[in-house]
file data-v7.pdb (PDB, C-alpha atoms)
ATOM      1  CA  GLN J   1      27.663 -55.444 -35.440  1.00  0.00           C
ATOM      2  CA  VAL J   2      27.621 -57.564 -32.319  1.00  0.00           C
ATOM      3  CA  GLN J   3      24.721 -56.994 -29.980  1.00  0.00           C
ATOM      4  CA  ILE J   4      24.333 -58.417 -26.510  1.00  0.00           C
ATOM      5  CA  VAL J   5      20.792 -58.771 -25.243  1.00  0.00           C
ATOM      6  CA  GLN J   6      20.126 -59.405 -21.576  1.00  0.00           C
ATOM      7  CA  SER J   7      16.966 -60.776 -20.057  1.00  0.00           C
ATOM      8  CA  GLY J   8      15.758 -61.882 -16.672  1.00  0.00           C
ATOM      9  CA  GLY J   9      16.076 -60.048 -13.403  1.00  0.00           C
ATOM     10  CA  GLY J  10      13.339 -58.369 -11.429  1.00  0.00           C
ATOM     11  CA  LEU J  11      12.072 -58.349  -7.864  1.00  0.00           C
ATOM     12  CA  VAL J  12      12.246 -61.399  -5.625  1.00  0.00           C
ATOM     13  CA  GLU J  13      11.956 -62.101  -1.924  1.00  0.00           C
ATOM     14  CA  SER J  14      14.964 -63.056   0.138  1.00  0.00           C
ATOM     15  CA  GLY J  15      15.747 -66.723  -0.356  1.00  0.00           C
ATOM     16  CA  GLY J  16      14.264 -66.736  -3.828  1.00  0.00           C
ATOM     17  CA  SER J  17      15.791 -67.436  -7.203  1.00  0.00           C
ATOM     18  CA  LEU J  18      16.230 -65.661 -10.489  1.00  0.00           C
ATOM     19  CA  ARG J  19      17.833 -66.533 -13.796  1.00  0.00           C
ATOM     20  CA  LEU J  20      19.615 -64.053 -16.001  1.00  0.00           C
ATOM     21  CA  SER J  21      20.361 -64.646 -19.659  1.00  0.00           C
ATOM     22  CA  CYS J  22      22.512 -62.993 -22.284  1.00  0.00           C
ATOM     23  CA  SER J  23      22.837 -63.768 -25.945  1.00  0.00           C
ATOM     24  CA  ALA J  24      25.064 -62.410 -28.675  1.00  0.00           C
ATOM     25  CA  SER J  25      23.848 -61.734 -32.175  1.00  0.00           C
ATOM     26  CA  GLY J  26      25.323 -60.196 -35.290  1.00  0.00           C
ATOM     27  CA  THR J  27      28.446 -62.306 -35.354  1.00  0.00           C
ATOM     28  CA  ARG J  28      29.532 -65.723 -36.533  1.00  0.00           C
ATOM     29  CA  LEU J  29      32.343 -65.688 -34.025  1.00  0.00           C
ATOM     30  CA  ARG J  30      31.871 -67.475 -30.754  1.00  0.00           C
ATOM     31  CA  ILE J  31      32.123 -65.491 -27.579  1.00  0.00           C
ATOM     32  CA  ASP J  32      35.263 -66.798 -25.861  1.00  0.00           C
ATOM     33  CA  HIS J  33      34.741 -65.452 -22.387  1.00  0.00           C
ATOM     34  CA  TRP J  34      31.519 -64.425 -20.695  1.00  0.00           C
ATOM     35  CA  ARG J  35      31.345 -62.567 -17.464  1.00  0.00           C
ATOM     36  CA  TRP J  36      28.664 -61.239 -15.149  1.00  0.00           C
ATOM     37  CA  ASP J  37      29.380 -58.144 -13.087  1.00  0.00           C
ATOM     38  CA  ARG J  38      27.142 -56.220 -10.745  1.00  0.00           C
ATOM     39  CA  GLN J  39      27.035 -52.783  -9.270  1.00  0.00           C
ATOM     40  CA  ALA J  40      25.005 -51.786  -6.265  1.00  0.00           C
ATOM     41  CA  PRO J  41      24.230 -48.146  -5.486  1.00  0.00           C
ATOM     42  CA  GLY J  42      27.223 -46.464  -3.909  1.00  0.00           C
ATOM     43  CA  LYS J  43      29.464 -49.466  -4.450  1.00  0.00           C
ATOM     44  CA  GLN J  44      32.103 -50.414  -6.959  1.00  0.00           C
ATOM     45  CA  ARG J  45      31.331 -52.731  -9.790  1.00  0.00           C
ATOM     46  CA  GLU J  46      32.399 -56.277  -9.008  1.00  0.00           C
ATOM     47  CA  LEU J  47      32.843 -59.501 -10.892  1.00  0.00           C
ATOM     48  CA  VAL J  48      30.176 -62.047 -10.002  1.00  0.00           C
ATOM     49  CA  ALA J  49      31.062 -64.962 -12.256  1.00  0.00           C
ATOM     50  CA  SER J  50      32.839 -65.791 -15.465  1.00  0.00           C
ATOM     51  CA  ILE J  51      33.053 -68.723 -17.834  1.00  0.00           C
ATOM     52  CA  LEU J  52      35.464 -69.635 -20.583  1.00  0.00           C
ATOM     53  CA  THR J  53      34.818 -71.522 -23.795  1.00  0.00           C
ATOM     54  CA  ASN J  54      36.037 -74.754 -22.200  1.00  0.00           C
ATOM     55  CA  GLY J  55      33.542 -74.344 -19.387  1.00  0.00           C
ATOM     56  CA  ALA J  56      36.001 -73.252 -16.715  1.00  0.00           C
ATOM     57  CA  THR J  57      34.262 -70.998 -14.240  1.00  0.00           C
ATOM     58  CA  ASP J  58      35.161 -68.461 -11.604  1.00  0.00           C
ATOM     59  CA  TYR J  59      32.953 -66.960  -8.905  1.00  0.00           C
ATOM     60  CA  ALA J  60      33.096 -64.192  -6.385  1.00  0.00           C
ATOM     61  CA  ASP J  61      33.362 -65.599  -2.880  1.00  0.00           C
ATOM     62  CA  SER J  62      30.083 -63.937  -1.944  1.00  0.00           C
ATOM     63  CA  VAL J  63      28.101 -65.995  -4.477  1.00  0.00           C
ATOM     64  CA  LYS J  64      29.886 -69.347  -4.403  1.00  0.00           C
ATOM     65  CA  GLY J  65      27.481 -72.167  -3.774  1.00  0.00           C
ATOM     66  CA  ARG J  66      24.468 -69.986  -4.626  1.00  0.00           C
ATOM     67  CA  PHE J  67      25.045 -68.794  -8.188  1.00  0.00           C
ATOM     68  CA  THR J  68      25.806 -70.913 -11.232  1.00  0.00           C
ATOM     69  CA  ILE J  69      27.071 -69.607 -14.536  1.00  0.00           C
ATOM     70  CA  SER J  70      26.599 -71.683 -17.659  1.00  0.00           C
ATOM     71  CA  ARG J  71      26.822 -71.188 -21.383  1.00  0.00           C
ATOM     72  CA  ASN J  72      25.448 -72.502 -24.649  1.00  0.00           C
ATOM     73  CA  ASN J  73      28.123 -72.140 -27.288  1.00  0.00           C
ATOM     74  CA  ARG J  74      25.810 -73.024 -30.162  1.00  0.00           C
ATOM     75  CA  GLN J  75      23.473 -70.219 -29.196  1.00  0.00           C
ATOM     76  CA  ASN J  76      26.300 -67.895 -28.131  1.00  0.00           C
ATOM     77  CA  SER J  77      24.539 -67.418 -24.835  1.00  0.00           C
ATOM     78  CA  VAL J  78      25.308 -67.320 -21.153  1.00  0.00           C
ATOM     79  CA  TYR J  79      23.128 -67.787 -18.098  1.00  0.00           C
ATOM     80  CA  LEU J  80      23.358 -66.946 -14.427  1.00  0.00           C
ATOM     81  CA  GLN J  81      21.202 -68.998 -12.117  1.00  0.00           C
ATOM     82  CA  MET J  82      20.915 -67.237  -8.779  1.00  0.00           C
ATOM     83  CA  ASN J  83      19.578 -69.136  -5.787  1.00  0.00           C
ATOM     84  CA  GLY J  84      19.362 -68.189  -2.149  1.00  0.00           C
ATOM     85  CA  LEU J  85      19.206 -64.511  -2.983  1.00  0.00           C
ATOM     86  CA  THR J  86      19.682 -61.989  -0.206  1.00  0.00           C
ATOM     87  CA  PRO J  87      19.191 -58.215  -0.097  1.00  0.00           C
ATOM     88  CA  GLU J  88      22.968 -57.901  -0.460  1.00  0.00           C
ATOM     89  CA  ASP J  89      22.585 -59.266  -3.992  1.00  0.00           C
ATOM     90  CA  THR J  90      20.493 -56.269  -5.005  1.00  0.00           C
ATOM     91  CA  ALA J  91      22.307 -54.559  -7.862  1.00  0.00           C
ATOM     92  CA  MET J  92      22.373 -53.867 -11.558  1.00  0.00           C
ATOM     93  CA  TYR J  93      23.771 -56.924 -13.269  1.00  0.00           C
ATOM     94  CA  TYR J  94      25.756 -56.662 -16.485  1.00  0.00           C
ATOM     95  CA  CYS J  95      26.971 -59.359 -18.810  1.00  0.00           C
ATOM     96  CA  THR J  96      29.922 -58.901 -21.111  1.00  0.00           C
ATOM     97  CA  GLY J  97      31.035 -61.111 -23.950  1.00  0.00           C
ATOM     98  CA  LEU J  98      34.660 -61.107 -24.999  1.00  0.00           C
ATOM     99  CA  ILE J  99      36.201 -62.335 -28.217  1.00  0.00           C
ATOM    100  CA  GLY J 100      39.936 -62.688 -27.865  1.00  0.00           C
ATOM    101  CA  SER J 101      41.587 -60.174 -25.596  1.00  0.00           C
ATOM    102  CA  VAL J 102      40.450 -57.024 -27.339  1.00  0.00           C
ATOM    103  CA  GLN J 103      36.833 -57.215 -28.366  1.00  0.00           C
ATOM    104  CA  ARG J 104      34.399 -56.567 -25.529  1.00  0.00           C
ATOM    105  CA  PHE J 105      30.643 -56.484 -25.961  1.00  0.00           C
ATOM    106  CA  PRO J 106      28.617 -55.310 -22.977  1.00  0.00           C
ATOM    107  CA  GLY J 107      24.980 -55.964 -22.295  1.00  0.00           C
ATOM    108  CA  GLN J 108      22.540 -53.246 -21.325  1.00  0.00           C
ATOM    109  CA  GLY J 109      22.233 -54.298 -17.699  1.00  0.00           C
ATOM    110  CA  THR J 110      19.311 -55.672 -15.774  1.00  0.00           C
ATOM    111  CA  GLN J 111      18.115 -54.819 -12.282  1.00  0.00           C
ATOM    112  CA  VAL J 112      17.900 -57.448  -9.574  1.00  0.00           C
ATOM    113  CA  THR J 113      16.148 -56.420  -6.383  1.00  0.00           C
ATOM    114  CA  VAL J 114      15.863 -58.709  -3.388  1.00  0.00           C
ATOM    115  CA  SER J 115      13.437 -57.734  -0.662  1.00  0.00           C
ATOM    116  CA  SER J 116      13.972 -58.722   2.950  1.00  0.00           C
TER     117      SER J 116
END

call {"tool": "encode", "arguments": {"input": "data-v7.pdb", "output": "structure tokens"}}
result
Amino acid sequence: QVQIVQSGGGLVESGGSLRLSCSASGTRLRIDHWRWDRQAPGKQRELVASILTNGATDYADSVKGRFTISRNNRQNSVYLQMNGLTPEDTAMYYCTGLIGSVQRFPGQGTQVTVSS
């Protein structure tokens, strides 16, 4: 059974940095597509960043130039480096690993709080 374990997150001052990590275990298959989403209180969940097996990335406009998504295929892991954090980045962050177009494996979520 595939399990996704998230780590990182926490409380940081505005302008600070945090790094989120996710790793998949329980499978010999490589995660094809990783994505990070976030959901702030009272707001809809939104895509933050995604990365394909070939390294192609996509970012929400609000995080471009500040966040960097990367992956380690050997470790079946993904990372989100977040720099220049603002209070608007405060949210619960979720990673999801996808294998093919059908299998989706969500992480448990991790809270990121940015103080002003």

call {"tool": "residues_around", "arguments": {"input": "data-v7.pdb", "residues": "J:Gly109", "least_positions_apart": "5", "cutoff": "10 Å", "atoms": "only C-alpha atoms", "output": "PyMOL selection string"}}
result
chain J and resi 4-7+9+22+36-39+91-96

call {"tool": "resolve_selection", "arguments": {"input": "data-v7.pdb", "expression": "the PyMOL selection byres ((chain J and resi 59-65) around 6)", "output": "list of chain:residue names"}}
result
J:Val48, J:Ala49, J:Asp58, J:Arg66, J:Phe67

call {"tool": "resolve_selection", "arguments": {"input": "data-v7.pdb", "expression": "the PyMOL selection byres ((chain J and resi 12-16) around 7)", "output": "MDAnalysis selection string"}}
result
chainID J and resid 10:11 17 83:87 113:116

call {"tool": "atom_distance", "arguments": {"input": "data-v7.pdb", "atom1": "atom CA of J:Phe105", "atom2": "atom CA of J:Ser70"}}
result
17.8 Å

call {"tool": "closest_residue", "arguments": {"input": "data-v7.pdb", "among": "J:Gln1, J:Gln108, J:Ser50, J:Asn72", "to": "J:Ser25", "atoms": "all atoms listed in the file"}}
result
J:Gln1

call {"tool": "closest_residue", "arguments": {"input": "data-v7.pdb", "among": "J:Ala56, J:Gln111, J:Gly100, J:Ile69", "to": "J:Gly8", "atoms": "only C-alpha atoms"}}
result
J:Gln111
